[in-house]
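Student: Have a peek at target_11.pdb (PDB, C-alpha atoms).
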ATOM      1  CA  VAL A   1     -15.852 -15.527   2.200
ATOM      2  CA  ASN A   2     -13.120 -17.569   3.848
ATOM      3  CA  SER A   3     -10.069 -16.326   5.670
ATOM      4  CA  ALA A   4      -7.459 -18.375   3.841
ATOM      5  CA  ASP A   5      -3.945 -19.513   4.649
ATOM      6  CA  ASP A   6      -1.370 -18.107   2.246
ATOM      7  CA  ASP A   7      -0.233 -21.583   1.171
ATOM      8  CA  ASP A   8      -3.693 -22.672  -0.025
ATOM      9  CA  LEU A   9      -4.865 -19.352  -1.437
ATOM     10  CA  MET A  10      -4.209 -20.476  -5.001
ATOM     11  CA  GLN A  11      -6.311 -23.619  -4.533
ATOM     12  CA  LEU A  12     -10.094 -23.650  -4.828
ATOM     13  CA  THR A  13     -12.160 -26.717  -3.952
ATOM     14  CA  GLY A  14     -15.702 -27.461  -5.040
ATOM     15  CA  THR A  15     -16.983 -26.814  -1.531
ATOM     16  CA  GLU A  16     -15.233 -23.456  -1.299
ATOM     17  CA  ARG A  17     -16.615 -22.438  -4.673
ATOM     18  CA  LYS A  18     -20.096 -22.499  -3.138
ATOM     19  CA  LYS A  19     -19.058 -19.976  -0.465
ATOM     20  CA  VAL A  20     -19.333 -16.853  -2.532
ATOM     21  CA  TRP A  21     -19.796 -13.149  -1.903
ATOM     22  CA  GLU A  22     -21.207 -11.179  -4.813
ATOM     23  CA  PRO A  23     -22.987  -7.833  -5.019
ATOM     24  CA  PRO A  24     -26.652  -8.244  -4.041
ATOM     25  CA  GLU A  25     -29.286  -7.769  -6.708
ATOM     26  CA  GLY A  26     -31.232  -4.525  -6.443
ATOM     27  CA  ALA A  27     -28.541  -2.633  -4.517
ATOM     28  CA  VAL A  28     -29.186   1.104  -4.738
ATOM     29  CA  GLY A  29     -25.740   2.407  -3.826
ATOM     30  CA  PRO A  30     -22.106   1.414  -3.158
ATOM     31  CA  ASN A  31     -22.668   0.703   0.548
ATOM     32  CA  ASP A  32     -25.966  -1.185   0.143
ATOM     33  CA  GLY A  33     -25.018  -4.770   1.026
ATOM     34  CA  ALA A  34     -21.303  -4.110   0.490
ATOM     35  CA  PHE A  35     -18.687  -6.509   1.854
ATOM     36  CA  LEU A  36     -16.598  -5.028   4.676
ATOM     37  CA  GLU A  37     -13.600  -6.488   6.463
ATOM     38  CA  TYR A  38     -11.154  -4.793   8.847
ATOM     39  CA  LEU A  39      -7.437  -5.298   8.210
ATOM     40  CA  ASP A  40      -5.909  -5.483  11.674
ATOM     41  CA  ASP A  41      -2.339  -5.024  12.930
ATOM     42  CA  PHE A  42      -1.152  -2.754  10.140
ATOM     43  CA  ASP A  43       1.886  -0.525  10.695
ATOM     44  CA  VAL A  44       3.230   1.156   7.564
ATOM     45  CA  GLU A  45       6.579   1.803   9.253
ATOM     46  CA  ALA A  46       7.116  -1.945   9.724
ATOM     47  CA  SER A  47       5.348  -3.143   6.599
ATOM     48  CA  SER A  48       8.493  -4.089   4.688
ATOM     49  CA  SER A  49       9.905  -6.350   7.391
ATOM     50  CA  SER A  50       7.098  -7.511   9.699
ATOM     51  CA  GLY A  51       3.426  -7.073  10.432
ATOM     52  CA  ASN A  52       0.474  -7.528   8.099
ATOM     53  CA  ASN A  53       1.004  -5.930   4.697
ATOM     54  CA  THR A  54      -0.744  -8.017   2.018
ATOM     55  CA  VAL A  55      -4.381  -8.475   0.995
ATOM     56  CA  ALA A  56      -5.057 -11.456  -1.268
ATOM     57  CA  ILE A  57      -8.397 -12.017  -2.980
ATOM     58  CA  LYS A  58      -9.460 -15.192  -4.789
ATOM     59  CA  PHE A  59     -12.199 -14.247  -7.269
ATOM     60  CA  GLU A  60     -13.617 -14.565 -10.750
ATOM     61  CA  VAL A  61     -15.399 -12.161 -13.063
ATOM     62  CA  PRO A  62     -18.061 -13.256 -15.597
ATOM     63  CA  GLN A  63     -17.214 -12.668 -19.238
ATOM     64  CA  ASP A  64     -20.182 -10.307 -19.598
ATOM     65  CA  SER A  65     -19.284  -8.188 -16.541
ATOM     66  CA  ARG A  66     -18.790  -4.516 -17.278
ATOM     67  CA  ARG A  67     -16.877  -3.693 -14.108
ATOM     68  CA  PHE A  68     -16.122  -4.414 -10.461
ATOM     69  CA  SER A  69     -14.139  -2.610  -7.777
ATOM     70  CA  PHE A  70     -12.838  -2.625  -4.236
ATOM     71  CA  ASN A  71     -11.499  -0.021  -1.815
ATOM     72  CA  ILE A  72      -8.933   0.155   0.978
ATOM     73  CA  ALA A  73      -9.509   2.969   3.455
ATOM     74  CA  GLN A  74      -8.822   4.127   6.998
ATOM     75  CA  SER A  75     -10.841   2.190   9.560
ATOM     76  CA  ASN A  76     -13.099   5.166  10.356
ATOM     77  CA  GLN A  77     -14.454   5.411   6.805
ATOM     78  CA  PRO A  78     -17.376   2.941   7.098
ATOM     79  CA  ASP A  79     -18.966   5.471   9.477
ATOM     80  CA  ARG A  80     -18.393   8.236   6.910
ATOM     81  CA  ASP A  81     -19.765   6.464   3.816
ATOM     82  CA  PHE A  82     -16.218   6.121   2.459
ATOM     83  CA  GLU A  83     -15.832   9.813   1.691
ATOM     84  CA  SER A  84     -12.058   9.186   1.725
ATOM     85  CA  ILE A  85     -10.371   6.160   0.131
ATOM     86  CA  LEU A  86      -6.653   5.381   0.140
ATOM     87  CA  PHE A  87      -6.723   2.891  -2.736
ATOM     88  CA  HIS A  88      -9.470   2.251  -5.307
ATOM     89  CA  PHE A  89      -9.114  -0.611  -7.814
ATOM     90  CA  ASN A  90     -11.600  -0.743 -10.693
ATOM     91  CA  PRO A  91     -11.323  -2.877 -13.875
ATOM     92  CA  ARG A  92     -13.682  -1.584 -16.603
ATOM     93  CA  GLN A  93     -14.074  -3.955 -19.539
ATOM     94  CA  ARG A  94     -15.964  -1.668 -21.934
ATOM     95  CA  GLU A  95     -14.357   1.691 -21.334
ATOM     96  CA  ARG A  96     -11.708   2.939 -23.786
ATOM     97  CA  GLY A  97     -10.966  -0.557 -25.023
ATOM     98  CA  GLY A  98     -10.817  -1.976 -21.501
ATOM     99  CA  GLN A  99      -8.764  -0.599 -18.649
ATOM    100  CA  VAL A 100      -8.029  -0.887 -14.949
ATOM    101  CA  VAL A 101      -8.469   2.391 -13.090
ATOM    102  CA  MET A 102      -6.696   3.038  -9.782
ATOM    103  CA  ASN A 103      -7.310   6.161  -7.746
ATOM    104  CA  ASP A 104      -7.819   7.693  -4.326
ATOM    105  CA  LYS A 105     -10.612   9.852  -2.914
ATOM    106  CA  GLU A 106     -10.184  12.558  -0.294
ATOM    107  CA  ASP A 107     -13.132  14.276   1.389
ATOM    108  CA  GLY A 108     -15.464  13.188  -1.417
ATOM    109  CA  ILE A 109     -13.211  14.300  -4.283
ATOM    110  CA  TRP A 110     -11.570  11.745  -6.576
ATOM    111  CA  GLY A 111      -7.920  12.192  -7.495
ATOM    112  CA  GLN A 112      -6.234  11.711 -10.856
ATOM    113  CA  ASN A 113      -6.800   8.273 -12.375
ATOM    114  CA  LEU A 114      -3.909   5.893 -12.940
ATOM    115  CA  SER A 115      -5.158   3.809 -15.885
ATOM    116  CA  VAL A 116      -3.613   0.619 -17.294
ATOM    117  CA  PRO A 117      -5.005  -1.037 -20.464
ATOM    118  CA  LEU A 118      -6.415  -4.516 -19.856
ATOM    119  CA  SER A 119      -4.395  -5.685 -22.875
ATOM    120  CA  GLN A 120      -1.201  -5.191 -20.818
ATOM    121  CA  LEU A 121      -2.407  -7.340 -17.900
ATOM    122  CA  PRO A 122      -3.211 -11.014 -17.282
ATOM    123  CA  VAL A 123      -6.741 -11.901 -18.406
ATOM    124  CA  ILE A 124      -9.270 -10.775 -15.775
ATOM    125  CA  PHE A 125     -12.739 -11.002 -17.364
ATOM    126  CA  GLY A 126     -14.012 -14.499 -18.103
ATOM    127  CA  LYS A 127     -11.145 -16.378 -16.459
ATOM    128  CA  GLU A 128     -11.719 -18.793 -13.583
ATOM    129  CA  ALA A 129     -10.386 -18.206 -10.072
ATOM    130  CA  LEU A 130      -7.823 -15.434 -10.287
ATOM    131  CA  THR A 131      -5.665 -14.391  -7.321
ATOM    132  CA  LEU A 132      -5.151 -10.661  -6.849
ATOM    133  CA  GLN A 133      -2.727  -9.403  -4.210
ATOM    134  CA  ILE A 134      -2.306  -5.858  -2.930
ATOM    135  CA  GLN A 135       0.886  -5.282  -0.981
ATOM    136  CA  ILE A 136       0.962  -2.113   1.139
ATOM    137  CA  HIS A 137       4.289  -0.540   2.123
ATOM    138  CA  GLN A 138       5.880   2.870   2.541
ATOM    139  CA  GLU A 139       5.920   3.600  -1.186
ATOM    140  CA  GLY A 140       2.304   2.746  -1.913
ATOM    141  CA  PHE A 141       0.036  -0.092  -3.052
ATOM    142  CA  ASP A 142       1.574  -2.757  -5.315
ATOM    143  CA  VAL A 143      -0.889  -4.759  -7.442
ATOM    144  CA  PHE A 144      -0.170  -8.372  -8.424
ATOM    145  CA  ILE A 145      -2.499 -10.520 -10.530
ATOM    146  CA  ASP A 146      -1.501 -14.202 -10.514
ATOM    147  CA  ASP A 147       1.941 -13.066  -9.267
ATOM    148  CA  VAL A 148       2.452 -10.600 -12.146
ATOM    149  CA  HIS A 149       3.357  -7.103 -10.889
ATOM    150  CA  CYS A 150       0.780  -5.022 -12.744
ATOM    151  CA  ALA A 151       0.884  -1.536 -11.213
ATOM    152  CA  ARG A 152       1.687   0.634  -8.216
ATOM    153  CA  LEU A 153      -0.405   3.477  -6.840
ATOM    154  CA  GLU A 154       1.993   5.556  -4.770
ATOM    155  CA  HIS A 155       0.585   7.000  -1.560
ATOM    156  CA  ARG A 156      -1.386  10.198  -2.037
ATOM    157  CA  GLN A 157      -2.640  10.508   1.551
ATOM    158  CA  ASP A 158      -0.852  10.127   4.863
ATOM    159  CA  LEU A 159      -1.641   6.733   6.406
ATOM    160  CA  LEU A 160      -2.648   8.013   9.826
ATOM    161  CA  SER A 161      -2.636   5.207  12.388
ATOM    162  CA  ASP A 162      -5.690   4.860  14.616
ATOM    163  CA  ASP A 163      -5.751   3.300  18.058
ATOM    164  CA  ASN A 164      -6.326  -0.140  16.528
ATOM    165  CA  ASN A 165      -3.664   0.086  13.795
ATOM    166  CA  ARG A 166      -6.017  -1.144  11.128
ATOM    167  CA  LEU A 167      -7.407  -0.374   7.709
ATOM    168  CA  CYS A 168     -10.617  -1.610   6.131
ATOM    169  CA  LEU A 169     -11.406  -3.442   2.890
ATOM    170  CA  GLN A 170     -14.690  -2.778   1.093
ATOM    171  CA  PHE A 171     -16.300  -4.433  -1.941
ATOM    172  CA  PRO A 172     -18.968  -1.929  -3.080
ATOM    173  CA  SER A 173     -22.241  -3.217  -4.501
ATOM    174  CA  THR A 174     -22.490  -0.478  -7.160
ATOM    175  CA  ASP A 175     -20.452   2.417  -8.495
ATOM    176  CA  ASP A 176     -21.131   6.037  -7.488
ATOM    177  CA  TYR A 177     -23.982   6.203 -10.011
ATOM    178  CA  SER A 178     -25.712   3.004  -8.783
ATOM    179  CA  ASN A 179     -24.515   0.924 -11.754
ATOM    180  CA  PRO A 180     -24.125  -2.662 -10.472
ATOM    181  CA  GLU A 181     -20.776  -4.344  -9.862
ATOM    182  CA  ASN A 182     -20.444  -7.904 -11.161
ATOM    183  CA  TRP A 183     -17.920 -10.385  -9.737
ATOM    184  CA  LYS A 184     -17.650 -13.299  -7.307
ATOM    185  CA  VAL A 185     -15.258 -13.499  -4.337
ATOM    186  CA  PHE A 186     -14.301 -16.868  -2.847
ATOM    187  CA  LYS A 187     -11.513 -16.084  -0.374
ATOM    188  CA  VAL A 188      -9.885 -13.128   1.326
ATOM    189  CA  TRP A 189      -6.531 -13.345   3.116
ATOM    190  CA  TRP A 190      -4.697 -10.684   5.135
ATOM    191  CA  GLY A 191      -1.212 -11.203   6.523
ATOM    192  CA  PHE A 192       2.506 -10.656   6.065
ATOM    193  CA  LYS A 193       4.483 -11.528   2.947
ATOM    194  CA  PRO A 194       8.033 -10.451   2.078
ATOM    195  CA  ILE A 195       8.145  -7.594  -0.405
ATOM    196  CA  MET A 196       7.237  -9.060  -3.796
ATOM    197  CA  ALA A 197       8.328  -6.193  -6.067
ATOM    198  CA  LYS A 198      11.631  -6.833  -7.861
ATOM    199  CA  SER A 199      13.827  -3.740  -7.880
ATOM    200  CA  ASP A 200      15.410  -4.615 -11.234
ATOM    201  CA  LYS A 201      11.988  -4.756 -12.927
ATOM    202  CA  LEU A 202      10.240  -1.753 -11.378
ATOM    203  CA  SER A 203      11.007   0.605 -14.254
ATOM    204  CA  SER A 204       8.410  -1.139 -16.427
ATOM    205  CA  VAL A 205       5.631  -1.183 -13.796
ATOM    206  CA  PRO A 206       2.919   1.477 -14.359
ATOM    207  CA  GLY A 207       2.815   4.067 -11.580
ATOM    208  CA  VAL A 208       6.314   3.431 -10.248
ATOM    209  CA  ASN A 209       8.585   6.437  -9.677
ATOM    210  CA  SER A 210       5.878   9.034 -10.062
ATOM    211  CA  PHE A 211       7.442  10.172  -6.779
ATOM    212  CA  ASN A 212      11.175   9.998  -6.095
ATOM    213  CA  SER A 213      13.183  11.990  -3.572
ATOM    214  CA  VAL A 214      16.353  11.770  -1.518
ATOM    215  CA  HIS A 215      15.681  12.096   2.206
ATOM    216  CA  PRO A 216      17.429  15.225   3.550
ATOM    217  CA  ARG A 217      18.233  13.783   7.006
ATOM    218  CA  LYS A 218      18.295   9.997   6.606
ATOM    219  CA  LEU A 219      21.314   7.837   5.746
ATOM    220  CA  PHE A 220      21.366   4.247   4.467
ATOM    221  CA  LEU A 221      23.985   1.866   5.864
ATOM    222  CA  ARG A 222      24.652  -1.282   3.826
ATOM    223  CA  GLY A 223      27.015  -4.256   3.941
ATOM    224  CA  LEU A 224      26.309  -5.010   7.617
ATOM    225  CA  PRO A 225      26.581  -8.588   8.950
ATOM    226  CA  LYS A 226      23.243 -10.336   9.259
ATOM    227  CA  ILE A 227      21.868 -10.630  12.784
ATOM    228  CA  ILE A 228      19.141 -12.609  14.518
ATOM    229  CA  PRO A 229      16.180 -10.930  16.297
ATOM    230  CA  ALA A 230      17.851 -11.275  19.714
ATOM    231  CA  GLU A 231      20.716  -9.061  18.507
ATOM    232  CA  LEU A 232      18.586  -6.139  17.251
ATOM    233  CA  ASP A 233      18.946  -4.022  20.425
ATOM    234  CA  ILE A 234      22.723  -4.500  20.416
ATOM    235  CA  ARG A 235      23.086  -3.355  16.819
ATOM    236  CA  ARG A 236      20.755  -0.391  17.352
ATOM    237  CA  ALA A 237      22.773   0.735  20.373
ATOM    238  CA  GLU A 238      26.071   0.383  18.476
ATOM    239  CA  ILE A 239      24.876   2.561  15.595
ATOM    240  CA  GLU A 240      23.328   5.119  17.960
ATOM    241  CA  ARG A 241      26.691   5.475  19.754
ATOM    242  CA  ALA A 242      28.573   5.778  16.463
ATOM    243  CA  PHE A 243      26.326   8.607  15.217
ATOM    244  CA  ALA A 244      25.574  10.291  18.564
ATOM    245  CA  LYS A 245      27.634  13.407  17.823
ATOM    246  CA  TYR A 246      25.472  14.098  14.754
ATOM    247  CA  GLY A 247      22.274  14.236  16.809
ATOM    248  CA  GLY A 248      22.454  17.981  17.367
ATOM    249  CA  SER A 249      21.242  19.825  20.448
ATOM    250  CA  ARG A 250      18.338  17.413  20.920
ATOM    251  CA  GLY A 251      20.459  14.304  20.445
ATOM    252  CA  LEU A 252      18.174  13.170  17.638
ATOM    253  CA  VAL A 253      19.502   9.895  16.243
ATOM    254  CA  LYS A 254      16.745   7.564  15.016
ATOM    255  CA  VAL A 255      18.112   4.154  14.058
ATOM    256  CA  VAL A 256      16.099   1.414  12.357
ATOM    257  CA  VAL A 257      17.663  -2.061  12.157
ATOM    258  CA  TYR A 258      16.386  -5.336  10.733
ATOM    259  CA  ALA A 259      16.825  -8.992  11.592
ATOM    260  CA  ARG A 260      18.539 -11.117   8.953
ATOM    261  CA  LYS A 261      19.204  -8.059   6.782
ATOM    262  CA  THR A 262      22.473  -6.380   5.801
ATOM    263  CA  PHE A 263      21.298  -2.766   6.047
ATOM    264  CA  ALA A 264      20.031  -0.148   8.506
ATOM    265  CA  THR A 265      18.945   3.495   8.406
ATOM    266  CA  VAL A 266      19.956   6.462  10.556
ATOM    267  CA  GLU A 267      17.924   9.674  10.707
ATOM    268  CA  LEU A 268      19.631  12.766  12.143
ATOM    269  CA  GLU A 269      18.448  16.170  13.370
ATOM    270  CA  SER A 270      19.271  18.254  10.293
ATOM    271  CA  GLU A 271      20.380  18.057   6.687
ATOM    272  CA  GLY A 272      23.703  19.706   7.588
ATOM    273  CA  LEU A 273      24.475  17.070  10.234
ATOM    274  CA  ALA A 274      23.518  14.331   7.784
ATOM    275  CA  ASP A 275      25.976  15.834   5.259
ATOM    276  CA  LEU A 276      28.703  15.899   7.913
ATOM    277  CA  ALA A 277      28.029  12.291   8.963
ATOM    278  CA  LEU A 278      28.087  11.200   5.340
ATOM    279  CA  GLN A 279      31.570  12.682   4.951
ATOM    280  CA  GLU A 280      33.076  11.596   8.262
ATOM    281  CA  MET A 281      31.579   8.099   8.660
ATOM    282  CA  SER A 282      32.215   6.799   5.156
ATOM    283  CA  GLY A 283      35.380   5.075   6.394
ATOM    284  CA  ALA A 284      33.515   3.112   9.054
ATOM    285  CA  TYR A 285      30.366   2.241   7.085
ATOM    286  CA  GLN A 286      29.201   1.772   3.507
ATOM    287  CA  ILE A 287      26.906   4.772   3.588
ATOM    288  CA  ASN A 288      24.813   6.915   1.271
ATOM    289  CA  ARG A 289      21.668   9.025   1.267
ATOM    290  CA  ALA A 290      18.425   7.152   1.860
ATOM    291  CA  ARG A 291      15.396   7.669  -0.328
ATOM    292  CA  ARG A 292      12.476   9.418   1.272
ATOM    293  CA  THR A 293       9.405   7.256   0.859
ATOM    294  CA  LYS A 294       6.117   8.677  -0.344
ATOM    295  CA  HIS A 295       4.641   7.973   3.095
ATOM    296  CA  GLU A 296       7.379  10.023   4.778
ATOM    297  CA  ALA A 297       6.876  12.909   2.350
ATOM    298  CA  LEU A 298       3.142  12.992   3.105
ATOM    299  CA  GLN A 299       3.808  12.933   6.839
ATOM    300  CA  GLU A 300       6.180  15.882   6.529
ATOM    301  CA  GLU A 301       3.666  17.766   4.389
ATOM    302  CA  ARG A 302       0.927  17.220   6.996
ATOM    303  CA  LEU A 303       3.180  18.331   9.866
ATOM    304  CA  ALA A 304       4.223  21.453   7.967
ATOM    305  CA  LYS A 305       0.562  22.379   7.411
ATOM    306  CA  GLU A 306      -0.240  21.806  11.079
ATOM    307  CA  GLN A 307       2.663  24.004  12.170
ATOM    308  CA  ALA A 308       1.513  26.711   9.754
ATOM    309  CA  GLY A 309      -2.025  26.567  11.112
ATOM    310  CA  GLY A 310      -3.350  24.173   8.473
ATOM    311  CA  GLY A 311      -4.094  27.050   6.129
ATOM    312  CA  GLY A 312      -5.005  27.145   2.518
ATOM    313  CA  VAL A 313      -8.091  26.615   0.428
ATOM    314  CA  ARG A 314      -8.597  23.089  -0.835
ATOM    315  CA  LYS A 315      -8.051  22.766  -4.555
ATOM    316  CA  ASP A 316     -10.110  20.698  -6.946
ATOM    317  CA  ARG A 317      -8.203  17.461  -7.471
ATOM    318  CA  GLY A 318      -9.420  17.176 -11.036
ATOM    319  CA  GLY A 319     -10.477  13.544 -11.321
ATOM    320  CA  TRP A 320     -13.541  11.288 -11.290
ATOM    321  CA  ASP A 321     -14.252   7.729 -10.277
TER
END
Show me, as structure tokens, the structure contained in the file I just sent.
Tutor:
Amino acid sequence: VNSADDDDLMQLTGTERKKVWEPPEGAVGPNDGAFLEYLDDFDVEASSSSGNNTVAIKFEVPQDSRRFSFNIAQSNQPDRDFESILFHFNPRQRERGGQVVMNDKEDGIWGQNLSVPLSQLPVIFGKEALTLQIQIHQEGFDVFIDDVHCARLEHRQDLLSDDNNRLCLQFPSTDDYSNPENWKVFKVWWGFKPIMAKSDKLSSVPGVNSFNSVHPRKLFLRGLPKIIPAELDIRRAEIERAFAKYGGSRGLVKVVVYARKTFATVELESEGLADLALQEMSGAYQINRARRTKHEALQEERLAKEQAGGGGVRKDRGGWD
């Protein structure tokens, strides 16, 4: 498998076609001869503006293939036999008329499937050299096949950063029941791409808006002049000064600014202070409530459990691979 530049990912030469990974014959389980690659320099907080956020896979699937799959997980999962998986992608040609199943797995238990009929997607089985891209950001995992936005699996687990800030990509050799996978992979690319999802077309994308919430403490500032990277600290300091009195007793004012963008976000200490800032600063800024991303909601849920002693009995998540 080649590490490919983004510009030539769509191209496939005769020489490259000979450099193939495919599940080994006689594999007795998912991890037996599986492909594994670490996805370095990933930071979900920065994924929309900088840092690696996109996996691209150049592959083809034989017409007679029944299924294939791949997983994205935390970087510690290879040592744990992938008992937890953040994103599972699994086209199944002969199940219920053909469908793509997306899911997660936590502590050995599969979540609820997100299923999309193959008839609604670009042709996968029997077509030469497809390009599949998975873009990871604060909302979840966006799936693109030959640049068509096919689905989104919103985050179901908190993306805890490890010391290396990396995830891992796995191509299993079989499913959980030792049934063989059948596909060929020519190239894998990992890097940064601007967000590909189009906001005016998201309503028709399967899996989008299964989670939607207004953030209780964060405000969205829009209509700002564009700035270059060298001016980021200046803008951050200006907004911090403007909102300082809404930081509460701890002076909590978290400002996120972006180069060459016309917006910024401000997170304050409490919902009441955010309400007050929204009322009093509307004359100085174009301002409204920010959406809370799925990633932020999961972080808050984890912190609340930790503060409460992590209690509770784990419930059956009710799904299967």
Student: Can you turn the PyMOL selection byres ((chain A and resi 152) around 8) into a concrete residue list for this file, as number ranges by chain?
Tutor: A: 140-143, 150-151, 153-154, 205-208
Student: Between CA of His215 in chain A and CA of Val255 in chain A, measure the distance and give it in Å to one decimal.
Tutor: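 Interatomic distance here is 14.5 Å.
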Student: Expand the PyMOL selection byres ((chain A and resi 54) around 6) into the individual residues it matches in the shown file, reporting them as a PyMOL selection string.
Tutor: chain A and resi 53+55+134-135+190-192
Student: For those residues, write C-alpha atoms to a file as an mmCIF file, keeping the file's coordinate frame.
Tutor:
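Contents of selection_37.cif, freshly written:
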data_model
loop_
_atom_site.group_PDB
_atom_site.id
_atom_site.type_symbol
_atom_site.label_atom_id
_atom_site.label_comp_id
_atom_site.auth_asym_id
_atom_site.auth_seq_id
_atom_site.Cartn_x
_atom_site.Cartn_y
_atom_site.Cartn_z
ATOM 1 C CA ASN A 53 1.004 -5.930 4.697
ATOM 2 C CA VAL A 55 -4.381 -8.475 0.995
ATOM 3 C CA ILE A 134 -2.306 -5.858 -2.930
ATOM 4 C CA GLN A 135 0.886 -5.282 -0.981
ATOM 5 C CA TRP A 190 -4.697 -10.684 5.135
ATOM 6 C CA GLY A 191 -1.212 -11.203 6.523
ATOM 7 C CA PHE A 192 2.506 -10.656 6.065
#
Student: So, with all atoms listed in the file as the atoms that count, which of A:His149, A:Arg166, A:Arg94, A:Lys184 lies closest to Gln120 in chain A?
Tutor: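 Counting all atoms listed in the file, the residue closest to Gln120 in chain A is A:His149.
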Student: When distances are computed from all atoms listed in the file, which of A:Arg289, A:Phe243, A:Ile195, A:Lys261 shows the smallest separation from Pro225 in chain A?
Tutor: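 Using all atoms listed in the file, the shortest distance to Pro225 in chain A belongs to A:Lys261.
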